[in-house]
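A.B. asks: Here you go, this is protein.cif (mmCIF, C-alpha atoms).
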data_data
#
loop_
_atom_site.label_atom_id
_atom_site.label_comp_id
_atom_site.auth_asym_id
_atom_site.auth_seq_id
_atom_site.Cartn_x
_atom_site.Cartn_y
_atom_site.Cartn_z
CA MET A 1 52.49 -16.08 -116.16
CA GLN A 2 53.89 -19.13 -114.42
CA VAL A 3 57.45 -19.80 -115.50
CA SER A 4 58.80 -23.26 -114.84
CA ALA A 5 62.37 -24.50 -114.61
CA SER A 6 63.80 -26.31 -117.57
CA THR A 7 63.05 -30.04 -117.52
CA GLU A 8 65.51 -30.87 -120.28
CA GLY A 9 68.51 -32.81 -118.97
CA PRO A 10 70.06 -32.59 -115.51
CA ALA A 11 68.73 -30.00 -113.12
CA LEU A 12 70.13 -26.82 -111.62
CA HIS A 13 68.72 -25.88 -108.24
CA GLY A 14 68.42 -22.27 -107.07
CA GLY A 15 68.61 -23.23 -103.41
CA SER A 16 71.97 -24.85 -104.05
CA ILE A 17 73.22 -21.73 -105.84
CA ILE A 18 72.15 -19.62 -102.86
CA ARG A 19 74.05 -21.92 -100.51
CA GLU A 20 77.20 -21.47 -102.60
CA ILE A 21 76.71 -17.70 -102.72
CA THR A 22 76.29 -17.54 -98.97
CA ALA A 23 79.26 -19.83 -98.38
CA SER A 24 81.32 -17.44 -100.51
CA GLY A 25 80.76 -14.64 -98.02
CA ILE A 26 78.40 -12.65 -100.22
CA GLU A 27 76.50 -10.14 -98.05
CA PHE A 28 74.73 -8.20 -100.82
CA VAL A 29 73.02 -9.32 -104.02
CA VAL A 30 72.53 -6.38 -106.38
CA SER A 31 70.04 -7.13 -109.12
CA VAL A 32 67.94 -6.20 -112.10
CA PRO A 33 65.49 -9.08 -112.72
CA ASP A 34 66.55 -11.65 -115.29
CA ILE A 35 64.01 -14.12 -116.67
CA THR A 36 66.43 -17.08 -116.51
CA THR A 37 67.01 -16.69 -112.77
CA SER A 38 63.78 -14.93 -111.83
CA GLU A 39 61.82 -17.75 -110.22
CA GLY A 40 64.47 -20.20 -109.12
CA LEU A 41 66.99 -17.74 -107.74
CA LEU A 42 65.91 -14.11 -107.43
CA ARG A 43 62.53 -14.81 -105.86
CA PRO A 44 63.92 -16.99 -103.05
CA LEU A 45 66.72 -14.47 -102.53
CA ALA A 46 64.10 -11.75 -102.14
CA GLN A 47 62.42 -13.77 -99.40
CA ALA A 48 65.61 -14.52 -97.51
CA SER A 49 66.97 -12.34 -94.73
CA ALA A 50 70.50 -12.71 -96.09
CA PRO A 51 72.22 -11.89 -98.32
CA LYS A 52 70.62 -8.45 -98.51
CA LEU A 53 68.93 -7.81 -101.87
CA ILE A 54 69.47 -4.41 -103.47
CA ARG A 55 67.08 -3.78 -106.36
CA ILE A 56 68.52 -1.40 -108.93
CA CYS A 57 67.18 0.35 -112.02
CA LYS A 58 69.98 -0.45 -114.45
CA GLU A 59 72.89 -2.84 -114.44
CA ASP A 60 75.74 -0.33 -114.61
CA GLU A 61 74.50 1.15 -111.35
CA GLY A 62 75.24 -2.23 -109.85
CA VAL A 63 78.84 -2.13 -111.02
CA GLY A 64 79.28 1.10 -109.07
CA ILE A 65 77.50 -0.19 -105.97
CA CYS A 66 79.57 -3.39 -105.93
CA ALA A 67 82.75 -1.32 -106.36
CA GLY A 68 81.91 0.88 -103.39
CA LEU A 69 81.11 -2.16 -101.29
CA ALA A 70 84.37 -3.82 -102.31
CA TYR A 71 86.40 -0.94 -100.88
CA THR A 72 84.62 -1.41 -97.56
CA GLY A 73 85.46 -5.11 -97.42
CA LYS A 74 81.89 -6.24 -98.09
CA ARG A 75 81.33 -8.91 -100.71
CA ALA A 76 78.59 -8.46 -103.30
CA LEU A 77 77.18 -10.32 -106.29
CA LEU A 78 75.64 -8.55 -109.29
CA LEU A 79 72.77 -10.75 -110.52
CA ILE A 80 71.72 -9.71 -114.03
CA GLN A 81 70.88 -10.87 -117.55
CA GLN A 82 73.42 -10.90 -120.37
CA THR A 83 71.55 -8.06 -122.07
CA GLY A 84 72.25 -5.94 -119.00
CA MET A 85 75.85 -7.05 -118.91
CA LEU A 86 76.26 -6.00 -122.53
CA ASP A 87 74.64 -2.66 -121.74
CA SER A 88 77.15 -2.17 -118.91
CA ILE A 89 80.31 -2.97 -120.86
CA ASN A 90 81.85 0.47 -120.35
CA ALA A 91 81.30 0.37 -116.60
CA ILE A 92 82.74 -3.14 -116.43
CA ARG A 93 85.66 -2.05 -118.60
CA GLY A 94 86.49 1.01 -116.51
CA VAL A 95 85.55 0.06 -112.98
CA ALA A 96 86.01 -3.71 -112.87
CA VAL A 97 88.86 -4.30 -115.32
CA GLU A 98 90.93 -1.09 -115.43
CA TYR A 99 90.55 -0.37 -111.72
CA ALA A 100 91.06 -4.09 -110.96
CA LEU A 101 88.12 -4.53 -108.62
CA PRO A 102 86.44 -7.81 -107.59
CA ILE A 103 83.12 -7.23 -109.34
CA CYS A 104 81.42 -10.64 -109.26
CA MET A 105 78.61 -11.07 -111.76
CA MET A 106 76.08 -13.89 -112.05
CA VAL A 107 74.60 -13.59 -115.51
CA GLY A 108 71.51 -15.40 -116.78
CA LEU A 109 71.79 -16.28 -120.44
CA LEU A 110 68.47 -15.28 -121.95
CA GLU A 111 67.14 -17.86 -124.42
CA LYS A 112 70.16 -20.14 -124.23
CA GLU A 113 69.16 -23.71 -125.05
CA PRO A 114 69.65 -25.98 -121.98
CA GLY A 115 72.60 -28.30 -122.44
CA VAL A 116 74.04 -26.33 -125.34
CA PRO A 117 77.37 -24.52 -124.73
CA PRO A 118 76.92 -20.75 -125.02
CA ARG A 119 79.25 -20.50 -128.03
CA GLN A 120 77.12 -23.03 -129.88
CA SER A 121 73.79 -21.38 -129.16
CA LYS A 122 71.58 -20.47 -132.08
CA ARG A 123 71.04 -17.12 -130.39
CA TYR A 124 73.45 -14.39 -131.48
CA GLY A 125 73.01 -12.60 -128.15
CA VAL A 126 74.20 -15.73 -126.34
CA ARG A 127 77.00 -16.75 -128.72
CA ILE A 128 78.84 -13.45 -128.38
CA VAL A 129 79.00 -13.37 -124.59
CA GLU A 130 82.08 -15.52 -123.98
CA PRO A 131 84.12 -14.03 -126.86
CA ILE A 132 83.42 -10.56 -125.47
CA LEU A 133 84.54 -11.63 -122.01
CA ASP A 134 87.66 -13.18 -123.57
CA ALA A 135 88.41 -9.91 -125.34
CA MET A 136 88.04 -8.03 -122.05
CA GLY A 137 90.21 -10.52 -120.18
CA ILE A 138 87.48 -11.39 -117.72
CA PRO A 139 87.36 -14.96 -116.40
CA TYR A 140 84.02 -16.74 -116.63
CA HIS A 141 82.49 -20.04 -115.60
CA GLU A 142 79.54 -21.90 -117.07
CA ILE A 143 76.95 -23.00 -114.51
CA GLU A 144 74.66 -25.37 -116.35
CA THR A 145 73.74 -28.06 -113.82
CA ASP A 146 74.24 -28.84 -110.15
CA ALA A 147 77.51 -30.52 -111.15
CA ASP A 148 78.88 -27.02 -111.85
CA LEU A 149 78.00 -25.55 -108.45
CA GLY A 150 81.48 -26.25 -107.14
CA LYS A 151 82.82 -23.55 -109.48
CA ILE A 152 81.03 -20.73 -107.69
CA LYS A 153 82.89 -20.44 -104.40
CA PRO A 154 86.42 -20.73 -105.88
CA ALA A 155 85.57 -18.18 -108.59
CA ILE A 156 84.40 -15.63 -106.04
CA ALA A 157 87.31 -16.36 -103.70
CA GLU A 158 89.79 -15.88 -106.55
CA ALA A 159 88.15 -12.63 -107.65
CA TYR A 160 88.56 -11.13 -104.18
CA ALA A 161 92.01 -12.62 -103.59
CA ALA A 162 93.41 -11.27 -106.86
CA SER A 163 91.08 -8.24 -107.12
CA HIS A 164 89.61 -8.82 -110.55
CA PRO A 165 86.11 -9.32 -111.95
CA THR A 166 84.55 -12.70 -112.58
CA VAL A 167 81.40 -13.86 -114.37
CA LEU A 168 79.25 -16.89 -113.58
CA LEU A 169 77.09 -17.72 -116.58
CA ILE A 170 73.77 -19.36 -115.70
CA GLY A 171 72.84 -21.52 -118.66
CA ARG A 172 69.38 -22.74 -117.71
CA ARG A 173 66.50 -21.80 -115.43
CA PRO A 174 67.21 -23.05 -111.90
CA ALA A 175 64.50 -25.15 -110.27
CA MET B 1 74.36 31.76 -109.19
CA MET B 2 77.38 30.80 -107.10
CA LYS B 3 80.94 30.14 -108.18
CA ARG B 4 81.52 26.43 -107.76
CA ASP B 5 84.88 26.70 -106.01
CA GLU B 6 83.41 29.12 -103.46
CA CYS B 7 80.61 26.64 -102.72
CA LEU B 8 83.12 23.85 -102.32
CA LYS B 9 85.26 25.92 -99.97
CA ALA B 10 82.18 26.53 -97.82
CA LEU B 11 81.41 22.81 -97.82
CA ALA B 12 85.01 21.86 -97.06
CA ARG B 13 84.87 23.77 -93.78
CA HIS B 14 82.26 21.25 -92.56
CA VAL B 15 83.82 18.04 -93.88
CA THR B 16 85.63 15.97 -91.26
CA ASP B 17 88.56 13.57 -91.54
CA ALA B 18 86.14 10.65 -91.24
CA ASP B 19 84.01 11.67 -94.22
CA ILE B 20 84.26 10.04 -97.63
CA VAL B 21 83.88 12.50 -100.53
CA LEU B 22 83.19 11.53 -104.17
CA PRO B 23 83.62 14.51 -106.49
CA VAL B 24 83.20 14.11 -110.25
CA TYR B 25 85.04 15.64 -113.21
CA SER B 26 85.30 19.45 -113.07
CA THR B 27 84.13 19.49 -109.47
CA ALA B 28 86.79 16.92 -108.66
CA PHE B 29 89.60 19.11 -109.99
CA ASP B 30 88.36 22.00 -107.84
CA TRP B 31 87.86 19.76 -104.81
CA ILE B 32 91.24 18.04 -104.75
CA ASP B 33 92.94 21.43 -104.72
CA ILE B 34 90.62 22.81 -102.04
CA ARG B 35 90.70 19.72 -99.84
CA PRO B 36 93.28 17.10 -100.73
CA HIS B 37 92.60 14.02 -98.59
CA PRO B 38 93.06 10.25 -99.00
CA LEU B 39 89.35 9.70 -98.35
CA ASN B 40 88.51 11.55 -101.55
CA TYR B 41 87.11 8.74 -103.75
CA LEU B 42 88.03 9.86 -107.24
CA SER B 43 87.98 6.76 -109.45
CA HIS B 44 84.38 6.07 -110.34
CA GLY B 45 84.82 5.41 -114.02
CA ALA B 46 82.54 7.46 -116.17
CA MET B 47 78.95 7.82 -117.30
CA GLY B 48 77.55 9.18 -114.07
CA LEU B 49 78.25 6.32 -111.69
CA ALA B 50 79.53 8.34 -108.72
CA SER B 51 76.21 8.22 -106.87
CA SER B 52 76.15 4.43 -107.24
CA HIS B 53 79.69 4.09 -105.89
CA GLY B 54 78.57 6.35 -103.07
CA LEU B 55 75.62 4.10 -102.29
CA GLY B 56 77.93 1.09 -102.08
CA LEU B 57 80.27 2.93 -99.74
CA ALA B 58 77.37 4.16 -97.62
CA LEU B 59 76.02 0.63 -97.26
CA GLY B 60 79.42 -0.82 -96.46
CA ARG B 61 80.46 1.89 -94.01
CA PRO B 62 77.32 3.15 -92.24
CA ASP B 63 79.59 4.67 -89.58
CA ARG B 64 80.85 7.34 -92.01
CA ARG B 65 79.22 10.19 -93.90
CA VAL B 66 79.45 9.69 -97.65
CA ILE B 67 79.28 12.92 -99.66
CA VAL B 68 78.77 12.70 -103.42
CA LEU B 69 79.59 15.85 -105.41
CA ASP B 70 77.85 15.03 -108.67
CA GLY B 71 77.57 16.99 -111.88
CA ASP B 72 74.30 17.67 -113.64
CA GLY B 73 75.46 15.98 -116.84
CA SER B 74 76.69 13.01 -114.84
CA LEU B 75 73.46 12.70 -112.91
CA LEU B 76 71.44 12.75 -116.13
CA MET B 77 73.37 9.64 -117.19
CA ASN B 78 72.37 7.77 -114.05
CA LEU B 79 68.98 9.17 -113.00
CA GLY B 80 67.85 5.72 -111.92
CA SER B 81 70.33 5.90 -109.07
CA LEU B 82 68.10 8.51 -107.45
CA VAL B 83 65.32 5.94 -107.25
CA THR B 84 67.62 3.22 -105.97
CA ILE B 85 69.05 5.53 -103.30
CA GLY B 86 65.56 6.71 -102.37
CA GLU B 87 64.45 3.14 -101.81
CA ILE B 88 67.51 2.00 -99.84
CA ALA B 89 67.56 5.32 -97.96
CA PRO B 90 71.01 5.24 -96.34
CA LYS B 91 71.10 7.76 -93.51
CA ASN B 92 74.75 8.57 -94.13
CA LEU B 93 74.51 9.55 -97.83
CA PHE B 94 74.62 13.21 -98.91
CA HIS B 95 74.18 13.78 -102.64
CA PHE B 96 75.12 17.21 -103.99
CA VAL B 97 74.78 18.14 -107.64
CA CYS B 98 76.70 21.09 -109.06
CA GLU B 99 74.24 22.32 -111.65
CA ASN B 100 75.91 24.49 -114.27
CA GLY B 101 73.82 23.37 -117.23
CA THR B 102 76.73 22.04 -119.24
CA TYR B 103 78.88 19.03 -119.94
CA GLU B 104 81.76 21.18 -118.73
CA ALA B 105 84.44 18.47 -118.92
CA ASN B 106 83.54 17.65 -122.52
CA GLY B 107 83.57 21.03 -124.18
CA GLY B 108 80.92 22.95 -122.25
CA HIS B 109 78.01 21.88 -124.42
CA PRO B 110 74.57 22.39 -122.84
CA ILE B 111 72.88 19.47 -121.12
CA PRO B 112 69.45 18.44 -122.38
CA GLY B 113 66.78 20.30 -120.48
CA ARG B 114 69.15 23.05 -119.37
CA GLY B 115 67.30 25.54 -117.24
CA THR B 116 64.08 23.56 -117.18
CA VAL B 117 64.98 20.15 -115.76
CA ASP B 118 64.14 19.98 -112.04
CA PHE B 119 66.83 17.92 -110.27
CA ALA B 120 65.42 18.70 -106.83
CA GLY B 121 62.03 17.54 -108.03
CA PHE B 122 63.53 14.28 -109.27
CA ALA B 123 65.17 13.65 -105.90
CA ARG B 124 62.04 14.55 -103.98
CA SER B 125 59.86 12.18 -105.96
CA ALA B 126 62.52 9.46 -105.76
CA GLY B 127 62.21 9.42 -101.97
CA TYR B 128 65.19 11.37 -100.60
CA ARG B 129 64.48 12.33 -96.99
CA ALA B 130 65.46 15.96 -97.51
CA VAL B 131 65.98 18.08 -100.61
CA HIS B 132 67.56 21.52 -100.77
CA GLU B 133 68.36 24.05 -103.50
CA PHE B 134 70.81 26.93 -103.23
CA SER B 135 71.72 29.75 -105.58
CA ASP B 136 72.97 32.23 -102.95
CA LEU B 137 76.36 31.56 -101.37
CA LYS B 138 75.63 33.34 -98.11
CA ILE B 139 72.50 31.27 -97.50
CA PHE B 140 74.36 28.08 -98.39
CA GLU B 141 77.15 28.98 -95.94
CA GLN B 142 74.57 29.56 -93.21
CA ARG B 143 72.79 26.25 -93.73
CA ILE B 144 75.44 23.77 -94.79
CA GLY B 145 76.38 22.72 -91.24
CA ALA B 146 72.83 21.87 -90.23
CA LEU B 147 72.17 20.20 -93.53
CA LEU B 148 75.06 17.78 -93.02
CA ALA B 149 73.60 16.82 -89.64
CA GLU B 150 70.29 15.70 -91.14
CA PRO B 151 69.53 12.01 -91.62
CA GLY B 152 70.08 11.03 -95.22
CA PRO B 153 69.65 10.50 -97.94
CA VAL B 154 69.90 14.25 -98.44
CA PHE B 155 69.95 15.87 -101.89
CA VAL B 156 71.38 19.34 -102.48
CA ASP B 157 71.14 21.16 -105.81
CA LEU B 158 73.79 23.88 -106.07
CA LYS B 159 73.17 26.37 -108.87
CA VAL B 160 76.70 27.22 -109.93
CA VAL B 161 78.91 28.67 -112.62
CA PRO B 162 82.33 27.21 -113.38
CA SER B 163 85.24 28.21 -111.20
CA GLY B 164 87.49 29.20 -114.08
CA PRO B 165 90.21 27.53 -116.14
CA GLN B 166 91.40 24.19 -114.81
CA GLU B 167 94.45 22.07 -115.44
CA ARG B 168 92.93 18.63 -115.92
CA ASP B 169 95.49 15.96 -115.20
CA TYR B 170 93.26 12.89 -115.14
CA SER B 171 95.95 10.76 -113.53
CA ARG B 172 95.05 12.69 -110.36
CA LEU B 173 91.61 11.05 -110.53
CA HIS B 174 92.24 7.68 -112.15
CA GLY B 175 95.82 6.83 -111.18
CA PRO B 176 96.34 3.59 -109.24
CA HIS B 177 98.03 5.57 -106.44
CA VAL B 178 94.73 7.37 -105.81
CA ARG B 179 92.84 4.13 -105.23
CA LYS B 180 95.64 2.69 -103.12
CA ALA B 181 95.64 5.74 -100.87
CA PHE B 182 91.86 5.58 -100.51
CA ARG B 183 91.85 1.87 -99.72
CA GLU B 184 94.52 2.30 -97.04
CA ALA B 185 92.84 5.32 -95.48
CA LEU B 186 89.48 3.58 -95.31
CA ALA B 187 91.01 0.50 -93.72
CA VAL B 188 92.46 2.49 -90.82
CA GLY B 189 90.39 1.92 -87.72
CA ARG B 190 88.08 -0.61 -89.34
#
Kindly present the structure from the file in structure tokens form.

C.D. replies:
Amino acid sequence: MQVSASTEGPALHGGSIIREITASGIEFVVSVPDITTSEGLLRPLAQASAPKLIRICKEDEGVGICAGLAYTGKRALLLIQQTGMLDSINAIRGVAVEYALPICMMVGLLEKEPGVPPRQSKRYGVRIVEPILDAMGIPYHEIETDADLGKIKPAIAEAYAASHPTVLLIGRRPA
Amino acid sequence: MMKRDECLKALARHVTDADIVLPVYSTAFDWIDIRPHPLNYLSHGAMGLASSHGLGLALGRPDRRVIVLDGDGSLLMNLGSLVTIGEIAPKNLFHFVCENGTYEANGGHPIPGRGTVDFAGFARSAGYRAVHEFSDLKIFEQRIGALLAEPGPVFVDLKVVPSGPQERDYSRLHGPHVRKAFREALAVGR
């Protein structure tokens, strides 16, 4: 089935996200496919020579892989859906938060309405994401349009500088 | 069946100062007494993630051997990692599982499929380059050196029984000083 980018409101471009990821020094993208970012972000990443794409079976695996890479000085981004993030809460709690590791997550918000803040979504599975991250003490950043792209590089830089996790919430399908 | 600590002592004789070793739970408490070393990676959280941490380390440091000492209960929680490792196929990753048929660290209850589940078969079908099984200590001692010289990913199923009573001070695995020591040791010579 052909899946198109959202045409409601301002656009978000996957190529621009990839440029920000690359400019942040990310060498590995570790991913379980997410329908929000599937076409506009994951597919072009899969065709690129860098960063290297690691396909995993389940999201908590990715937390471990990113942790191991972090100790070696290699930067990684875990590209997943919020359902996978929720499934991986214990790994994020233990490895990212309690061990204070720079686990950087880019999380597609399944079924979030474009232009609607996550907390105001009609979808329960979207509304709870930011309060859960607040409860865990994990910083997060909403990436809704190209105007938000400037948040990506500083968020990743801060995560590695201070050795803590960060989450970039993708609020619409990138073109 | 082999006693786990005797297997680990045999393995330790072939582990070098450059190797990274990730032992889990009961195996970890045996290992850190047998071979204390700052490149023991002991803080991998829970729920079977050691093999995934090991894959990250193997990718980030292809110049070093990465040796995961998994448990059977732990591996059952993260079976997908076998497939991921099989696909990425890092040549420097050696994945041992100490199969004792129990969740030893959580009361010794049997794992699902105890005695029938085929860990070596899982690894073989997941794409590991080499798969070995040992239940005789003398044969393991004879072959461990050559096995660690093979290109990975290599999977080794060790049929073991527990070593005996352990004093489990989890701060020895999860304490911040453990991670600090590992980070500093790995950074040397980078």

A.B. asks: What are the nearest atom pairs, with distances in Å to one decimal, for all residues of chain B that come at most 8 Å from chain A, using only C-alpha atoms, set out by chain and rising residue number as CSV?

C.D. replies:
residue,atom,partner,partner_atom,distance
B:Ser43,CA,A:Tyr99,CA,7.9
B:His44,CA,A:Val95,CA,6.7
B:Gly45,CA,A:Gly94,CA,5.3
B:Ala46,CA,A:Ala91,CA,7.2
B:Met47,CA,A:Ala91,CA,7.8
B:Leu49,CA,A:Gly64,CA,5.9
B:Ala50,CA,A:Gly64,CA,7.3
B:Ser52,CA,A:Gly64,CA,4.9
B:His53,CA,A:Gly64,CA,4.4
B:Gly54,CA,A:Gly68,CA,6.4
B:Leu55,CA,A:Ile65,CA,6.0
B:Gly56,CA,A:Ile65,CA,4.1
B:Leu57,CA,A:Gly68,CA,4.5
B:Leu59,CA,A:Leu69,CA,7.1
B:Gly60,CA,A:Leu69,CA,5.3
B:Arg61,CA,A:Thr72,CA,6.4
B:Asn78,CA,A:Glu61,CA,7.5
B:Gly80,CA,A:Cys57,CA,5.4
B:Ser81,CA,A:Glu61,CA,6.7
B:Val83,CA,A:Cys57,CA,7.6
B:Thr84,CA,A:Ile56,CA,5.6
B:Ile88,CA,A:Ile54,CA,7.6
B:Pro176,CA,A:Tyr99,CA,7.4
B:Arg183,CA,A:Tyr71,CA,6.2
B:Leu186,CA,A:Thr72,CA,7.3
B:Ala187,CA,A:Thr72,CA,7.7

A.B. asks: If you apply the PyMOL selection byres ((chain A and resi 121-138) around 9) to this file, what residues do you get, as a PyMOL selection string?

C.D. replies: chain A and resi 82-83+86+93+97+109-113+116-120+139-140+164-167

A.B. asks: Name the residues that the PyMOL selection byres ((chain A and resi 148) around 12) picks from the file above, as a PyMOL selection string, using the file's chain letters and numbers.

C.D. replies: chain A and resi 10-13+16-17+20+141-147+149-155+168-172

A.B. asks: Put those residues in a file: C-alpha atoms, as a short mmCIF file (atom, residue, chain, number, x, y, z; two decimals), in the frame of the given file.

C.D. replies:
data_model
loop_
_atom_site.label_atom_id
_atom_site.label_comp_id
_atom_site.auth_asym_id
_atom_site.auth_seq_id
_atom_site.Cartn_x
_atom_site.Cartn_y
_atom_site.Cartn_z
CA PRO A 10 70.06 -32.59 -115.51
CA ALA A 11 68.73 -30.00 -113.12
CA LEU A 12 70.13 -26.82 -111.62
CA HIS A 13 68.72 -25.88 -108.24
CA SER A 16 71.97 -24.85 -104.05
CA ILE A 17 73.22 -21.73 -105.84
CA GLU A 20 77.20 -21.47 -102.60
CA HIS A 141 82.49 -20.04 -115.60
CA GLU A 142 79.54 -21.90 -117.07
CA ILE A 143 76.95 -23.00 -114.51
CA GLU A 144 74.66 -25.37 -116.35
CA THR A 145 73.74 -28.06 -113.82
CA ASP A 146 74.24 -28.84 -110.15
CA ALA A 147 77.51 -30.52 -111.15
CA LEU A 149 78.00 -25.55 -108.45
CA GLY A 150 81.48 -26.25 -107.14
CA LYS A 151 82.82 -23.55 -109.48
CA ILE A 152 81.03 -20.73 -107.69
CA LYS A 153 82.89 -20.44 -104.40
CA PRO A 154 86.42 -20.73 -105.88
CA ALA A 155 85.57 -18.18 -108.59
CA LEU A 168 79.25 -16.89 -113.58
CA LEU A 169 77.09 -17.72 -116.58
CA ILE A 170 73.77 -19.36 -115.70
CA GLY A 171 72.84 -21.52 -118.66
CA ARG A 172 69.38 -22.74 -117.71
#

A.B. asks: List as a VMD selection string the protein and nucleic acid residues near segment 91-94 of chain B, meaning an atom at most 6 Å away when all atoms listed in the file are counted, but skip any in the same chain fewer than 6 places from it.

C.D. replies: chain B and resid 65 to 67 151 to 154

A.B. asks: What is the atom CA of Lys52 of chain A to atom CA of Gly86 of chain B distance in Å?

C.D. replies: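 Straight-line distance from atom CA of Lys52 of chain A to atom CA of Gly86 of chain B works out to 16.4 Å.
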
A.B. asks: Decode the PyMOL selection byres ((chain B and resi 122-126) around 6) for the given file into explicit residues and return them as a PDB file with C-alpha atoms, in the coordinates of the input.

C.D. replies:
ATOM      1  CA  LEU B  82      68.100   8.510-107.450  1.00  0.00           C
ATOM      2  CA  VAL B  83      65.320   5.940-107.250  1.00  0.00           C
ATOM      3  CA  GLY B  86      65.560   6.710-102.370  1.00  0.00           C
ATOM      4  CA  PHE B 119      66.830  17.920-110.270  1.00  0.00           C
ATOM      5  CA  ALA B 120      65.420  18.700-106.830  1.00  0.00           C
ATOM      6  CA  GLY B 121      62.030  17.540-108.030  1.00  0.00           C
ATOM      7  CA  GLY B 127      62.210   9.420-101.970  1.00  0.00           C
ATOM      8  CA  TYR B 128      65.190  11.370-100.600  1.00  0.00           C
TER       9      TYR B 128
END

A.B. asks: Quick one: pull the distance between atom CA of Arg114 of chain B and atom CA of Lys9 of chain B, Å, one decimal.

C.D. replies: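 Atom CA of Lys9 of chain B lies 25.4 Å from atom CA of Arg114 of chain B.
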
A.B. asks: Padding 8 Å on each side, edges along x, y and z: where is the centre of the box around the listed atoms of segment 51-65 of chain A, and how long are its edges in Å to one decimal? Output it as AutoDock Vina command-line options.

C.D. replies:
--center_x 73.2 --center_y -5.4 --center_z -106.5 --size_x 28.2 --size_y 29.0 --size_z 32.3

A.B. asks: How many Å separate atom CA of Gly108 of chain B from atom CA of Leu75 of chain B?

C.D. replies: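 Atom CA of Leu75 of chain B lies 15.7 Å from atom CA of Gly108 of chain B.
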